[in-house]
file my_file.txt (compact mmCIF, C-alpha atoms)
# COMPACT_ATOMS: atom_id res chain seq x y z
CA MET R 508 0.00 0.00 0.00
CA SER R 509 1.39 3.36 -1.07
CA ARG R 510 2.12 5.96 1.57
CA ILE R 511 1.37 8.68 -0.98
CA GLU R 512 -2.12 9.75 -1.93
CA LEU R 513 -3.86 12.41 -4.01
CA PHE R 514 -5.75 15.27 -2.45
CA GLN R 515 -7.79 17.98 -4.12
CA LEU R 516 -6.22 21.43 -4.47
CA GLN R 517 -7.83 24.82 -4.94
CA PRO R 518 -7.71 26.19 -8.49
CA GLN R 519 -5.07 28.81 -9.13
CA ASN R 520 -4.15 31.21 -11.91
CA GLU R 521 -1.10 30.27 -13.95
CA VAL R 522 0.70 31.23 -17.15
CA ASP R 523 1.15 28.74 -19.97
CA PRO R 524 4.94 28.50 -20.49
CA ASP R 525 4.52 27.73 -24.22
CA THR R 526 2.07 30.47 -25.20
CA GLY R 527 2.33 32.92 -22.31
CA ALA R 528 -1.47 32.97 -22.06
CA GLU R 529 -3.28 33.12 -18.73
CA VAL R 530 -4.71 29.76 -17.73
CA VAL R 531 -6.32 28.23 -14.67
CA GLY R 532 -4.80 25.15 -13.08
CA PHE R 533 -6.96 22.68 -11.15
CA GLY R 534 -6.80 19.10 -9.94
CA TYR R 535 -4.89 17.18 -7.30
CA GLY R 536 -1.63 17.31 -5.43
CA LEU R 537 0.40 14.64 -3.64
CA ARG R 538 0.66 14.29 0.09
CA ASP R 539 1.88 11.84 2.72
CA ALA R 540 -1.05 9.62 3.60
CA THR R 541 0.18 9.26 7.19
CA THR R 542 1.01 12.84 8.12
CA GLY R 543 -1.10 14.68 5.53
CA ALA R 544 1.88 16.85 4.61
CA PRO R 545 1.72 18.02 0.96
CA LEU R 546 4.58 17.02 -1.33
CA PRO R 547 5.58 19.12 -4.35
CA ALA R 548 6.00 17.45 -7.72
CA GLY R 549 9.81 17.45 -7.43
CA ASP R 550 10.02 16.26 -3.83
CA PRO R 551 13.05 13.92 -3.43
CA SER R 552 11.03 11.50 -1.30
CA LEU R 553 8.80 10.53 -4.27
CA ALA R 554 11.40 8.78 -6.47
CA PRO R 555 12.41 6.17 -3.83
CA GLN R 556 8.74 5.19 -3.66
CA GLY R 557 8.55 4.75 -7.42
CA ILE R 558 6.53 7.95 -8.07
CA GLN R 559 7.35 10.53 -10.71
CA VAL R 560 5.40 13.48 -12.10
CA PHE R 561 5.50 14.45 -15.79
CA ASP R 562 3.88 17.07 -18.00
CA LEU R 563 2.55 15.57 -21.24
CA ILE R 564 3.65 16.83 -24.64
CA ALA R 565 1.93 17.05 -28.05
CA LEU R 566 -1.53 17.74 -26.66
CA ASP R 567 -2.15 20.02 -29.63
CA ARG R 568 -2.00 16.97 -31.91
CA TYR R 569 -5.11 15.60 -30.18
CA PRO R 570 -7.31 18.68 -29.60
CA TYR R 571 -10.57 16.73 -29.26
CA ALA R 572 -9.10 14.12 -26.92
CA ALA R 573 -7.67 16.86 -24.72
CA GLN R 574 -11.22 17.97 -23.90
CA ASP R 575 -12.46 14.42 -23.22
CA PRO R 576 -13.60 13.88 -19.60
CA SER R 577 -11.63 10.61 -19.60
CA PHE R 578 -8.56 12.76 -18.91
CA ASP R 579 -9.98 14.87 -16.07
CA PRO R 580 -7.78 15.04 -12.96
CA GLY R 581 -8.19 11.92 -10.85
CA ARG R 582 -8.87 9.60 -13.80
CA VAL R 583 -6.72 6.51 -14.29
CA LEU R 584 -4.73 6.48 -17.55
CA ALA R 585 -2.90 3.86 -19.61
CA LEU R 586 0.74 4.03 -20.74
CA VAL R 587 1.28 2.38 -24.12
CA PRO R 588 4.90 2.05 -25.35
CA ASP R 589 5.41 2.48 -29.10
CA HIS R 590 8.79 1.04 -30.06
CA ASN R 591 8.18 1.93 -33.70
CA GLN R 592 8.44 5.58 -32.66
CA GLY R 593 11.91 5.35 -31.13
CA GLY R 594 10.79 4.15 -27.70
CA ALA R 595 8.03 6.76 -27.26
CA VAL R 596 5.25 6.15 -24.74
CA GLY R 597 1.74 7.31 -25.53
CA VAL R 598 -0.80 8.28 -22.88
CA TRP R 599 -4.30 6.88 -23.45
CA ASP R 600 -7.54 6.72 -21.53
CA GLU R 601 -8.07 3.75 -19.22
CA THR R 602 -9.80 1.71 -21.95
CA ARG R 603 -7.04 2.49 -24.50
CA HIS R 604 -9.49 3.91 -27.04
CA VAL R 605 -8.37 7.58 -27.09
CA GLN R 606 -4.85 8.99 -26.98
CA VAL R 607 -4.27 12.41 -25.45
CA GLY R 608 -0.50 12.91 -25.80
CA TRP R 609 2.97 11.52 -25.15
CA LEU R 610 5.42 11.30 -22.28
CA PRO R 611 8.48 13.53 -22.68
CA GLY R 612 11.71 11.85 -23.74
CA THR R 613 13.25 11.32 -20.30
CA ALA R 614 9.96 10.07 -18.83
CA ALA R 615 9.51 7.61 -21.71
CA THR R 616 13.00 6.23 -21.07
CA VAL R 617 12.25 5.74 -17.36
CA VAL R 618 8.92 4.02 -18.04
CA ASN R 619 10.39 1.71 -20.69
CA GLU R 620 13.22 0.69 -18.35
CA ALA R 621 10.76 0.00 -15.53
CA LEU R 622 8.56 -2.12 -17.77
CA ALA R 623 11.63 -3.99 -19.07
CA GLN R 624 12.47 -4.94 -15.45
CA GLY R 625 8.92 -6.16 -14.84
CA TRP R 626 7.71 -3.28 -12.72
CA SER R 627 4.14 -2.15 -13.02
CA GLN R 628 3.60 1.38 -14.22
CA HIS R 629 0.30 3.08 -13.30
CA ALA R 630 -0.66 6.58 -14.36
CA VAL R 631 -3.27 8.97 -13.06
CA ALA R 632 -4.23 12.47 -14.25
CA LEU R 633 -2.96 14.85 -11.62
CA TRP R 634 -3.24 18.49 -12.75
CA ALA R 635 -4.83 20.18 -15.77
CA GLN R 636 -4.75 23.66 -17.23
CA ARG R 637 -7.65 25.37 -18.97
CA THR R 638 -8.07 28.72 -20.68
CA PRO R 639 -10.87 31.08 -19.55
CA ASP R 640 -13.06 29.71 -22.36
CA ASP R 641 -12.69 26.20 -20.87
CA VAL R 642 -10.17 24.69 -23.33
CA ARG R 643 -7.66 22.29 -21.81
CA THR R 644 -4.11 23.22 -22.78
CA GLY R 645 -1.98 21.18 -20.37
CA LEU R 646 -2.06 17.91 -18.45
CA ARG R 647 0.26 16.64 -15.70
CA ILE R 648 0.24 12.99 -14.66
CA ALA R 649 1.72 10.95 -11.84
CA VAL R 650 3.36 7.62 -12.72
CA SER R 651 3.87 5.09 -9.95
CA THR R 652 4.47 1.38 -9.36
CA ASP R 653 1.29 1.23 -7.25
CA LEU R 654 -2.02 2.88 -8.10
CA LEU R 655 -2.26 6.05 -6.02
CA PRO R 656 -5.46 6.44 -4.02
CA ILE R 657 -7.41 9.66 -3.69
CA GLY R 658 -7.86 10.95 -0.16
CA GLY R 659 -10.83 13.12 0.77
CA PRO R 660 -13.74 14.04 -1.52
CA VAL R 661 -13.57 12.91 -5.13
CA ALA R 662 -14.18 15.67 -7.69
CA THR R 663 -17.18 15.16 -9.94
CA PRO R 664 -16.74 15.77 -13.70
CA SER R 665 -18.45 19.16 -13.38
CA ALA R 666 -16.50 20.25 -10.30
CA PRO R 667 -13.28 21.16 -12.17
CA VAL R 668 -15.21 23.24 -14.69
CA ALA R 669 -17.04 25.07 -11.92
CA ALA R 670 -13.74 25.64 -10.15
CA VAL R 671 -12.22 27.09 -13.31
CA ALA R 672 -15.13 29.49 -13.76
CA ALA R 673 -14.80 30.63 -10.15
CA ALA R 674 -11.06 31.25 -10.47
CA VAL R 675 -11.05 33.02 -13.82
CA PRO R 676 -11.00 36.85 -13.52
CA GLU R 677 -14.26 38.50 -14.38
CA PRO R 678 -14.40 38.95 -18.19
CA ALA R 679 -15.35 42.13 -20.01
CA PRO R 680 -19.02 43.20 -19.72
CA ALA R 681 -19.65 42.23 -23.34
CA ALA R 682 -18.60 38.64 -22.63
CA THR R 683 -20.34 38.35 -19.25
CA PRO R 684 -23.39 36.09 -19.49
CA PRO R 685 -26.62 37.61 -18.14
CA ALA R 686 -27.97 36.59 -14.76
CA PRO R 687 -30.45 33.66 -14.77
CA ASP R 688 -33.38 35.89 -13.81
CA ALA R 689 -32.51 38.46 -16.48
CA TRP R 690 -31.70 36.01 -19.26
CA THR R 691 -32.88 36.95 -22.70
CA PRO R 692 -32.48 34.83 -25.82
CA THR R 693 -29.60 35.86 -28.01
CA THR R 694 -31.40 34.83 -31.17
CA ALA R 695 -34.82 35.88 -32.36
CA PRO R 696 -37.64 33.30 -32.26
CA PRO R 697 -38.42 31.50 -35.53
CA GLU R 698 -41.53 33.56 -36.20
CA VAL R 699 -39.58 36.81 -35.87
CA LYS R 700 -36.98 35.55 -38.31
CA ARG R 701 -39.67 34.56 -40.79
CA GLY R 702 -41.27 38.03 -40.47
CA LYS R 703 -37.97 39.75 -41.16
CA GLY R 704 -37.37 37.49 -44.14
CA ALA R 705 -40.78 38.40 -45.62
CA VAL R 706 -40.06 42.13 -45.26
CA TRP R 707 -36.71 41.78 -46.98
CA ALA R 708 -38.34 39.75 -49.77
CA VAL R 709 -40.97 42.46 -50.39
CA LEU R 710 -38.29 45.16 -50.45
CA ALA R 711 -36.25 43.13 -52.93
CA VAL R 712 -39.28 42.74 -55.25
CA ILE R 713 -40.03 46.48 -55.11
CA LEU R 714 -36.41 47.32 -55.86
CA ALA R 715 -36.41 44.91 -58.83
CA VAL R 716 -39.59 46.50 -60.24
CA VAL R 717 -38.13 50.01 -59.93
CA ILE R 718 -34.92 48.96 -61.67
CA ALA R 719 -36.85 47.22 -64.48
CA ALA R 720 -39.05 50.30 -65.03
CA ALA R 721 -36.03 52.58 -65.17
CA VAL R 722 -34.31 50.32 -67.71
CA TYR R 723 -37.48 50.14 -69.82
CA PHE R 724 -37.97 53.92 -69.98
CA ALA R 725 -34.28 54.53 -70.58
CA PHE R 726 -33.76 52.06 -73.44
CA PHE R 727 -37.21 51.57 -75.03
CA ARG R 728 -39.62 54.41 -74.44
CA GLY R 729 -36.91 57.03 -74.57
CA GLY R 730 -35.52 55.68 -77.89
CA ASN R 731 -38.89 55.62 -79.77
CA GLU R 732 -39.92 59.21 -79.12
CA PRO R 733 -38.36 61.70 -81.62
CA GLU R 734 -36.58 64.60 -80.12
CA PRO R 735 -38.16 68.01 -80.88
CA THR R 736 -36.24 70.21 -83.34
CA THR R 737 -35.59 73.92 -83.32
CA THR R 738 -37.50 74.38 -86.62
CA THR R 739 -40.71 73.10 -85.12
CA GLU R 740 -40.33 75.40 -82.18
CA GLU R 741 -39.80 78.41 -84.50
CA ARG R 742 -42.80 77.43 -86.70
CA THR R 743 -44.99 77.15 -83.67
CA THR R 744 -43.86 80.52 -82.46
CA THR R 745 -44.63 82.13 -85.85
CA SER R 746 -48.09 80.64 -86.07
CA ILE R 747 -48.90 81.82 -82.62
CA ALA R 748 -47.71 85.31 -83.49
CA THR R 749 -49.78 85.34 -86.76
CA THR R 750 -53.01 84.23 -85.24
CA ALA R 751 -52.84 86.61 -82.33
CA PRO R 752 -55.89 89.00 -82.30
CA PRO R 753 -55.30 92.66 -83.25
CA THR R 754 -54.77 95.07 -80.53
CA VAL R 755 -57.77 97.36 -79.94
CA PRO R 756 -56.76 100.89 -79.02
CA THR R 757 -57.90 101.83 -75.63
CA THR R 758 -58.14 105.64 -76.39
CA ALA R 759 -61.70 106.94 -75.76
CA PRO R 760 -63.31 109.11 -78.51
CA PRO R 761 -63.36 112.91 -77.90
CA THR R 762 -66.37 114.21 -76.05
CA VAL R 763 -68.62 116.57 -78.16
CA PRO R 764 -70.74 118.89 -76.08
CA PRO R 765 -74.41 118.58 -76.93
CA THR R 766 -75.90 121.43 -79.06
CA GLU R 767 -78.66 123.45 -77.45
CA PRO R 768 -81.73 124.13 -79.57
CA PRO R 769 -82.05 127.68 -80.85
CA THR R 770 -84.13 130.00 -78.72
CA VAL R 771 -87.32 131.20 -80.51
CA PRO R 772 -88.60 134.58 -79.34
CA PRO R 773 -92.10 134.52 -78.07
CA THR R 774 -94.64 135.60 -80.60
CA GLU R 775 -96.88 138.43 -79.60
CA PRO R 776 -100.52 138.20 -80.46
CA LEU R 777 -101.57 140.10 -83.53
CA PRO R 778 -103.94 143.00 -83.11
CA PRO R 779 -107.42 142.36 -84.19
call {"tool": "encode", "arguments": {"input": "my_file.txt", "output": "structure tokens"}}
result
Amino acid sequence: MSRIELFQLQPQNEVDPDTGAEVVGFGYGLRDATTGAPLPAGDPSLAPQGIQVFDLIALDRYPYAAQDPSFDPGRVLALVPDHNQGGAVGVWDETRHVQVGWLPGTAATVVNEALAQGWSQHAVALWAQRTPDDVRTGLRIAVSTDLLPIGGPVATPSAPVAAVAAAVPEPAPAATPPAPDAWTPTTAPPEVKRGKGAVWAVLAVILAVVIAAAVYFAFFRGGNEPEPTTTTEERTTTSIATTAPPTVPTTAPPTVPPTEPPTVPPTEPLPP
């Protein structure tokens, strides 16, 4: 029975040494099962007990496998030597159906030598790294001659993801998801989309009719109508001037004073 066991650690912010991006580490650490004292990955007391800790390489060659829950911290893994690849050792899930990466060169040499001497080599996922958008970018495993037990509560598959979300700094307001009670759908319902599509279809038909009418008047109606000439305009002007009515003078005739009748002297009566 191993004196070393796994215990769950609190997530912590880290920096990916390959990309320099901010990541969140989560998973398990090693501790003495008797005293409960934590042991760092490079503690000299681990090697005499047949325990070594390695960071996997070539995870980017298996991007889908890297996100598989079969490789969550605490899961048992399988080490599969590949002598056709120069003594490399691949890291697979427990059922040997999915490969996630490879042991580094020195670790592969140690594992191959141990297997050649008949020693058992067990592997368990120890520590993982994820970006703020929940993409696993790193995986650390512990290799031992005996299967290492897990002391204390066992993390559920959703616990590491929740721990990552809690440890990631608060994103920008635009990327912050709305609260559950204030959630609104980010996409319009199907009936709204259909209504918008009908409006755009009507507008497209109207625009096509306008363009067709403009082309018709520009190339057909406009080409059949003769352009008026200057001669016609002059002839029209002359005819209008010829047929115009004569101007009636507006001068009033001179006023002639009426003649008074001649005055006849009264006739006196004749004497008898």
call {"tool": "closest_residue", "arguments": {"input": "my_file.txt", "among": "R:Trp599, R:Phe533, R:Phe514, R:Trp609", "to": "Phe561 of chain R", "atoms": "only C-alpha atoms"}}
result
R:Trp609
call {"tool": "atom_distance", "arguments": {"input": "my_file.txt", "atom1": "atom CA of Ile657 of chain R", "atom2": "atom CA of Asp567 of chain R"}}
result
28.4 Å
call {"tool": "residues_around", "arguments": {"input": "my_file.txt", "residues": "Ala649 of chain R", "least_positions_apart": "3", "cutoff": "8 Å", "atoms": "only C-alpha atoms", "output": "VMD selection string"}}
result
chain R and resid 558 to 561 630 to 633
call {"tool": "closest_residue", "arguments": {"input": "my_file.txt", "among": "R:Ser651, R:Gly625, R:Glu601, R:Leu584", "to": "Leu553 of chain R", "atoms": "only C-alpha atoms"}}
result
R:Ser651
call {"tool": "atom_distance", "arguments": {"input": "my_file.txt", "atom1": "atom CA of Tyr569 of chain R", "atom2": "atom CA of Val642 of chain R"}}
result
12.5 Å
call {"tool": "closest_residue", "arguments": {"input": "my_file.txt", "among": "R:Val522, R:Leu513, R:Val607, R:Ala595", "to": "Ala540 of chain R", "atoms": "only C-alpha atoms"}}
result
R:Leu513
call {"tool": "closest_residue", "arguments": {"input": "my_file.txt", "among": "R:Gly594, R:Gln606, R:Glu529, R:Arg568", "to": "Leu622 of chain R", "atoms": "only C-alpha atoms"}}
result
R:Gly594
call {"tool": "residues_around", "arguments": {"input": "my_file.txt", "residues": "Gln628 of chain R", "least_positions_apart": "4", "cutoff": "12 Å", "atoms": "only C-alpha atoms", "output": "PyMOL selection string"}}
result
chain R and resi 557-559+583-588+596+598+614-615+617-624+649-655
call {"tool": "atom_distance", "arguments": {"input": "my_file.txt", "atom1": "atom CA of Asn591 of chain R", "atom2": "atom CA of Ala565 of chain R"}}
result
17.3 Å
call {"tool": "closest_residue", "arguments": {"input": "my_file.txt", "among": "R:Pro518, R:Pro524, R:Pro570, R:Pro547", "to": "Arg643 of chain R", "atoms": "all atoms listed in the file"}}
result
R:Pro570
call {"tool": "closest_residue", "arguments": {"input": "my_file.txt", "among": "R:Gly608, R:Val712, R:Thr644, R:Leu537", "to": "Gly549 of chain R", "atoms": "all atoms listed in the file"}}
result
R:Leu537
